[in-house]
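I have placed the structure first, in the form of structure tokens, so that the comments after it can refer back to it.
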Amino acid sequence: MTAPSLPAATVAGLAKGLNAGEFSSVELTEACLGRIAASQPGLNAFITVTAEAALAEAGAADTRRREGRAGPLTGVPIAHKDIFCTQDVLTTCGSRMLSNFVSPYDATVVAKLREAGTVALGKLNMDEFAMGSSNETSFFGPVRNPWDTTRVPGGSSGGSAAAVAARIAPAATATDTGGSIRQPAALCGVTGIKPTYGRVSRYGMIAFASSLDQAGLITVSAEDAALMLGAMAGFDPRDSTSVDSPVPDYAATLEQPLAGLTIGLVKEFFDKGLDRQCEQRIRDALAVYEKLGARLVEVSCPNLPLSVPTYYVVAPAECSSNLARFDGVRFGHRCESPRNLTDLYNRSRGEGFGAEVKRRIMTGTYVLSAGYYDAYYLKAQRVRQLISRDFAEAFGQVDLLLGPTSPTAAFAIGAKTEDPITMYLNDIYTIGANLAGLPAMSLPCGFADGLPVGLQLIGPHFSEARMLNAAHRYQMETDWHLRVPAAFG
Amino acid sequence: MSLTRADIEKIAQLARLDLTEAEIPVYVDSLSRIMDFVGELERAGTAGTSPMAHPLPGLAQRLRADVVSETDQRERYQRNAPQVEAGLYLVPKVIE
């Protein structure tokens, strides 16, 4: 048996190799751990590597396979965004606040993927508490983009996207509150899916904005995403927003023809602010979809340009409430020698949270405070309703929406850290899907000056199967998703 | 909309965040800019539109039966606590 070539690997391919006995899970896991160690100084994609536990899990997976008890994902190594609680493993959420937190339990997503036989390599770097679009807010230092290490990988799931792009982990869990799966997937040239709100359990996923947060994943291909999502999705009584509806076999419908599919082009996505080269790559992709038999229709979502300001009221409001639990009493960072209880709260939080997290907590506190609640918070919730209705109307005419994921390709580290608004506008095309709870994906669709460009698909609630099908058919016609950064080939 | 130093100090106090002297002007500037930016929402016509709190229309929060569903794992959970004694979380004295 020989270890597989990881640069050419997909989850689907590795699963086949494992089943055919071409290599063992232990060999595969060792190969990943070797690549992780070699890449860590340059990329900083991982916060914690659980090498010993991974090899033990891989050994157990090999045993199960020998005994004929293997499932489709048994022995495939993956990594988790450090926002998912992992029992007896450090779970930091990218923050000093949780830099000493060893979770006493597993997130449902972690438990489900373990039950499916996957091997967990460790915990991936991320923007602190998932607040950021460049992975520069992490307490553990920025992640670098494998295509150009002077540039950001996007965020907040920057570690997840960089690890899959550099082929140091075949697949990674991720989360998306305003674009945190799709934007880094686009900037790193990999495939990312944010499922419908409630499709995947949020139990054990550290909360940022509970009406927007959704767990998903980053993979090389849509086929891999289908395999992984099938294992992650489903009802969880421990998450009160989990939706009780059956999980379709996403892999079964991947190859359905697209003839008759109607794709909507949202006028507002192409209006202004979109980089010309990125726009051209999206137009190239549209030509591929036309060739596949899809019909293109222009649609308008007139309230969509208000999605970023709406988000920056709703998300900080929910974050200020969710992050109130970090009080220095039960877990997390505590300041030295507190003078009294108030001092303990104030200094533990002041020291434990980074600059962007504090900014969002304060923004949220302000918009919820007496005298401002109606003008900001209620107003934003009403505009959210309008944006949601725009999408519902569009889906009365079309099956899926297609547009850019991000206005530009990856930008330089440090380029947008001065002005928060400039950073927030990176998510101008992705936030709408979160506000409306819709599933959305990003797929690699070419390059602009050597940097990956992503196209975004948005579907109606619970249309993941159709979206993955449309993504897979595109990836059968193109090989952008199989391109690997030169340094990691 | 321009926030003042006093506004930031009040918000930080409400949010239980100790800010350093150097942080205050940074947040005066960035929160003012954020409030200007979200002020754009004022222009949206929302008369007769209900506020949306849940992204899936028609779904209500589930309730479960009020029965014990967890076992006692206090010791395990308290391993992450900064300071405990006899199963209790310790904090500075609250009542003199």
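Here's how to read the names in the structure tokens: chain A, B, ... by the order shown, residue numbers from 1 in each chain, ligand numbers from 1 in the order shown.
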Practice item. For stretch 75-91 of chain A, work out the shell of residues within 8 Å, counting only C-alpha atoms and skipping chain neighbours fewer than 5 positions away, then give it as an MDAnalysis selection string. Key: chainID A and resid 11 14:15 18 24:25 28:29 32 47:48 57:58 61:62 98:107 109:110 117:126 129:130 157 159:160 169:175 204:206
- Residue neighbourhood B:Val26, 12 Å, only C-alpha atoms, exclusion window fewer than 2 positions, as a list in words: Ala355, Glu356, Lys358, Arg359, Glu418, Asp419 and Pro420 of chain A; Leu3, Thr4, Arg5, Ile8, Leu19, Thr20, Glu21, Ala22, Glu23, Ile24, Val28, Asp29, Ser30, Leu31, Ser32 and Arg33 of chain B
Output C-alpha atoms for every residue in the selection just made, as an mmCIF file, in the first residue's frame.
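Listing of again_18.cif after writing:
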data_model
loop_
_atom_site.group_PDB
_atom_site.id
_atom_site.type_symbol
_atom_site.label_atom_id
_atom_site.label_comp_id
_atom_site.auth_asym_id
_atom_site.auth_seq_id
_atom_site.Cartn_x
_atom_site.Cartn_y
_atom_site.Cartn_z
ATOM 1 C CA ALA A 355 -10.796 44.647 19.195
ATOM 2 C CA GLU A 356 -13.360 43.539 16.588
ATOM 3 C CA LYS A 358 -15.530 44.371 21.445
ATOM 4 C CA ARG A 359 -16.599 46.628 18.587
ATOM 5 C CA GLU A 418 -8.164 50.255 9.408
ATOM 6 C CA ASP A 419 -11.794 50.838 8.459
ATOM 7 C CA PRO A 420 -14.394 48.332 9.697
ATOM 8 C CA LEU B 3 -20.856 59.390 19.197
ATOM 9 C CA THR B 4 -18.952 61.033 22.020
ATOM 10 C CA ARG B 5 -16.389 59.741 24.448
ATOM 11 C CA ILE B 8 -18.594 55.021 24.386
ATOM 12 C CA LEU B 19 -11.508 49.712 27.785
ATOM 13 C CA THR B 20 -8.003 51.120 27.896
ATOM 14 C CA GLU B 21 -7.442 54.850 27.454
ATOM 15 C CA ALA B 22 -6.048 54.158 23.985
ATOM 16 C CA GLU B 23 -9.090 52.135 22.901
ATOM 17 C CA ILE B 24 -11.697 54.823 23.620
ATOM 18 C CA VAL B 28 -15.584 56.720 19.219
ATOM 19 C CA ASP B 29 -14.461 56.855 15.605
ATOM 20 C CA SER B 30 -15.456 53.361 14.425
ATOM 21 C CA LEU B 31 -18.833 53.171 16.178
ATOM 22 C CA SER B 32 -19.719 56.603 14.792
ATOM 23 C CA ARG B 33 -18.910 55.351 11.316
#
Report task. Just give me the gap between atom CA of A:Ala54 and atom CA of A:Gly68 in Å, one decimal is fine. Result ->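 One can read the atom CA of A:Ala54 to atom CA of A:Gly68 distance as 20.9 Å.
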Give as a ChimeraX atom specification every residue of chain A that touches chain B within 8 Å, counting only C-alpha atoms.
/A:100-102,104,197,211-212,240-241,306,309-310,312-313,320,324,328-334,338-342,344-347,349-351,358-359,361-363,365-366,375-376,378-386,419-421,434-437
Going by DSSP on the backbone, which residues of chain B come out as strand (DSSP E)? List them as an MDAnalysis selection string. chainID B and resid 84:85 88:89
Please return, as a PyMOL selection string, all residues of chain B that DSSP assigns to alpha helix (DSSP H) on the basis of the backbone. chain B and resi 5-14+23-38+74-78
In Å and to one decimal, atom CA of A:Glu290 is distant from atom CA of A:Gln183 by 24.8 Å
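When only C-alpha atoms are used to measure the gap to A:Pro184, the shortest distance among A:Gly403, A:Gly42, A:Pro146, A:Gly371 belongs to A:Pro146.
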Using only C-alpha atoms, tabulate the residues of stretch 174-256 of chain A lying at most 8 Å from any atom of stretch 478-482 of chain A, each with its closest atom pair and that distance in Å to one decimal, by chain and increasing residue number, as a tab-separated table.
residue	atom	partner	partner_atom	distance
A:Gly189	CA	A:His481	CA	6.6
A:Val190	CA	A:His481	CA	6.0
A:Thr191	CA	A:His481	CA	7.2
A:Val220	CA	A:His481	CA	6.2
A:Ser221	CA	A:His481	CA	6.3
For the residues in that selection, give me N, CA and C atoms as a short mmCIF file (atom, residue, chain, number, x, y, z; two decimals), in the first residue's frame.
data_model
loop_
_atom_site.label_atom_id
_atom_site.label_comp_id
_atom_site.auth_asym_id
_atom_site.auth_seq_id
_atom_site.Cartn_x
_atom_site.Cartn_y
_atom_site.Cartn_z
N GLY A 189 -10.27 29.40 -3.57
CA GLY A 189 -10.47 28.51 -4.71
C GLY A 189 -10.98 27.13 -4.35
N VAL A 190 -11.86 27.05 -3.35
CA VAL A 190 -12.45 25.77 -2.96
C VAL A 190 -13.97 25.88 -2.92
N THR A 191 -14.64 24.76 -2.65
CA THR A 191 -16.10 24.70 -2.67
C THR A 191 -16.62 24.82 -1.23
N VAL A 220 -13.17 20.19 -1.59
CA VAL A 220 -12.61 20.45 -2.91
C VAL A 220 -13.76 20.55 -3.94
N SER A 221 -14.71 19.63 -3.84
CA SER A 221 -15.73 19.54 -4.89
C SER A 221 -17.14 19.52 -4.32
#
Using only C-alpha atoms, which protein or nucleic acid residues come within 12 Å of A:Gly17? Drop anything in the same chain fewer than 2 positions from it, and give the result as a CSV table (one decimal) with N, CA and C atoms, in the first residue's frame.
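Output saved as part_27.csv:
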chain,number,residue,atom,x,y,z
A,1,MET,N,0.8,-1.2,0.0
A,1,MET,CA,0.0,0.0,0.0
A,1,MET,C,0.9,1.3,0.0
A,2,THR,N,0.5,2.3,-0.7
A,2,THR,CA,1.2,3.5,-0.7
A,2,THR,C,0.3,4.7,-0.4
A,3,ALA,N,0.8,5.7,0.3
A,3,ALA,CA,0.0,6.8,0.6
A,3,ALA,C,-0.5,7.5,-0.6
A,4,PRO,N,-1.7,8.0,-0.7
A,4,PRO,CA,-2.2,8.7,-1.9
A,4,PRO,C,-1.5,10.0,-2.1
A,5,SER,N,-1.7,10.5,-3.3
A,5,SER,CA,-1.2,11.9,-3.6
A,5,SER,C,-2.2,12.9,-3.1
A,6,LEU,N,-2.0,13.5,-2.0
A,6,LEU,CA,-3.0,14.4,-1.4
A,6,LEU,C,-3.4,15.6,-2.3
A,9,ALA,N,-6.3,14.8,-4.3
A,9,ALA,CA,-7.3,14.0,-3.5
A,9,ALA,C,-8.6,14.8,-3.4
A,10,THR,N,-9.7,14.0,-3.5
A,10,THR,CA,-11.0,14.5,-3.0
A,10,THR,C,-11.5,13.5,-2.0
A,11,VAL,N,-12.5,13.9,-1.3
A,11,VAL,CA,-13.1,13.0,-0.3
A,11,VAL,C,-13.6,11.7,-1.0
A,12,ALA,N,-14.3,11.9,-2.1
A,12,ALA,CA,-14.9,10.8,-2.9
A,12,ALA,C,-13.7,9.9,-3.3
A,13,GLY,N,-12.7,10.4,-3.8
A,13,GLY,CA,-11.5,9.6,-4.3
A,13,GLY,C,-10.8,8.9,-3.2
A,14,LEU,N,-10.7,9.6,-2.1
A,14,LEU,CA,-10.0,8.9,-0.9
A,14,LEU,C,-10.8,7.8,-0.4
A,15,ALA,N,-12.2,8.0,-0.3
A,15,ALA,CA,-13.1,7.0,0.1
A,15,ALA,C,-13.0,5.7,-0.7
A,19,ASN,N,-11.6,2.0,0.3
A,19,ASN,CA,-12.4,0.8,0.1
A,19,ASN,C,-11.7,-0.2,-0.7
A,20,ALA,N,-10.9,0.3,-1.7
A,20,ALA,CA,-10.2,-0.7,-2.6
A,20,ALA,C,-9.0,-1.2,-2.0
A,21,GLY,N,-8.6,-0.7,-0.8
A,21,GLY,CA,-7.4,-1.2,-0.1
A,21,GLY,C,-6.1,-0.6,-0.7
A,22,GLU,N,-6.2,0.5,-1.4
A,22,GLU,CA,-5.0,1.1,-2.0
A,22,GLU,C,-4.1,1.7,-1.0
A,23,PHE,N,-4.7,2.1,0.1
A,23,PHE,CA,-3.9,2.7,1.3
A,23,PHE,C,-4.8,2.5,2.5
A,24,SER,N,-4.2,2.7,3.6
A,24,SER,CA,-5.0,2.6,4.9
A,24,SER,C,-5.3,4.0,5.4
A,25,SER,N,-6.2,4.0,6.3
A,25,SER,CA,-6.6,5.3,6.9
A,25,SER,C,-5.4,5.8,7.7
A,27,GLU,N,-2.2,5.4,7.0
A,27,GLU,CA,-1.2,6.0,6.0
A,27,GLU,C,-1.7,7.3,5.5
A,28,LEU,N,-3.0,7.4,5.3
A,28,LEU,CA,-3.6,8.6,4.8
A,28,LEU,C,-3.5,9.7,5.9
A,72,PRO,N,-19.4,4.9,4.0
A,72,PRO,CA,-18.7,5.6,2.9
A,72,PRO,C,-17.6,6.6,3.3
A,73,LEU,N,-17.7,7.1,4.5
A,73,LEU,CA,-16.6,8.1,4.9
A,73,LEU,C,-15.6,7.5,5.9
A,74,THR,N,-15.7,6.2,6.2
A,74,THR,CA,-14.9,5.6,7.2
A,74,THR,C,-13.4,5.8,6.9
A,75,GLY,N,-12.7,6.4,7.8
A,75,GLY,CA,-11.2,6.6,7.6
A,75,GLY,C,-10.8,7.8,6.8
A,76,VAL,N,-11.7,8.7,6.4
A,76,VAL,CA,-11.4,9.9,5.7
A,76,VAL,C,-11.0,11.0,6.7
Handout entry: Near-A:Gly396 list (12 Å; only C-alpha atoms; drop same-chain fewer than 6 positions) as a list in words
Key = Thr262, Ile263, Gly264, Val299, Arg389, Asp390, Gly459 and Pro460 of chain A
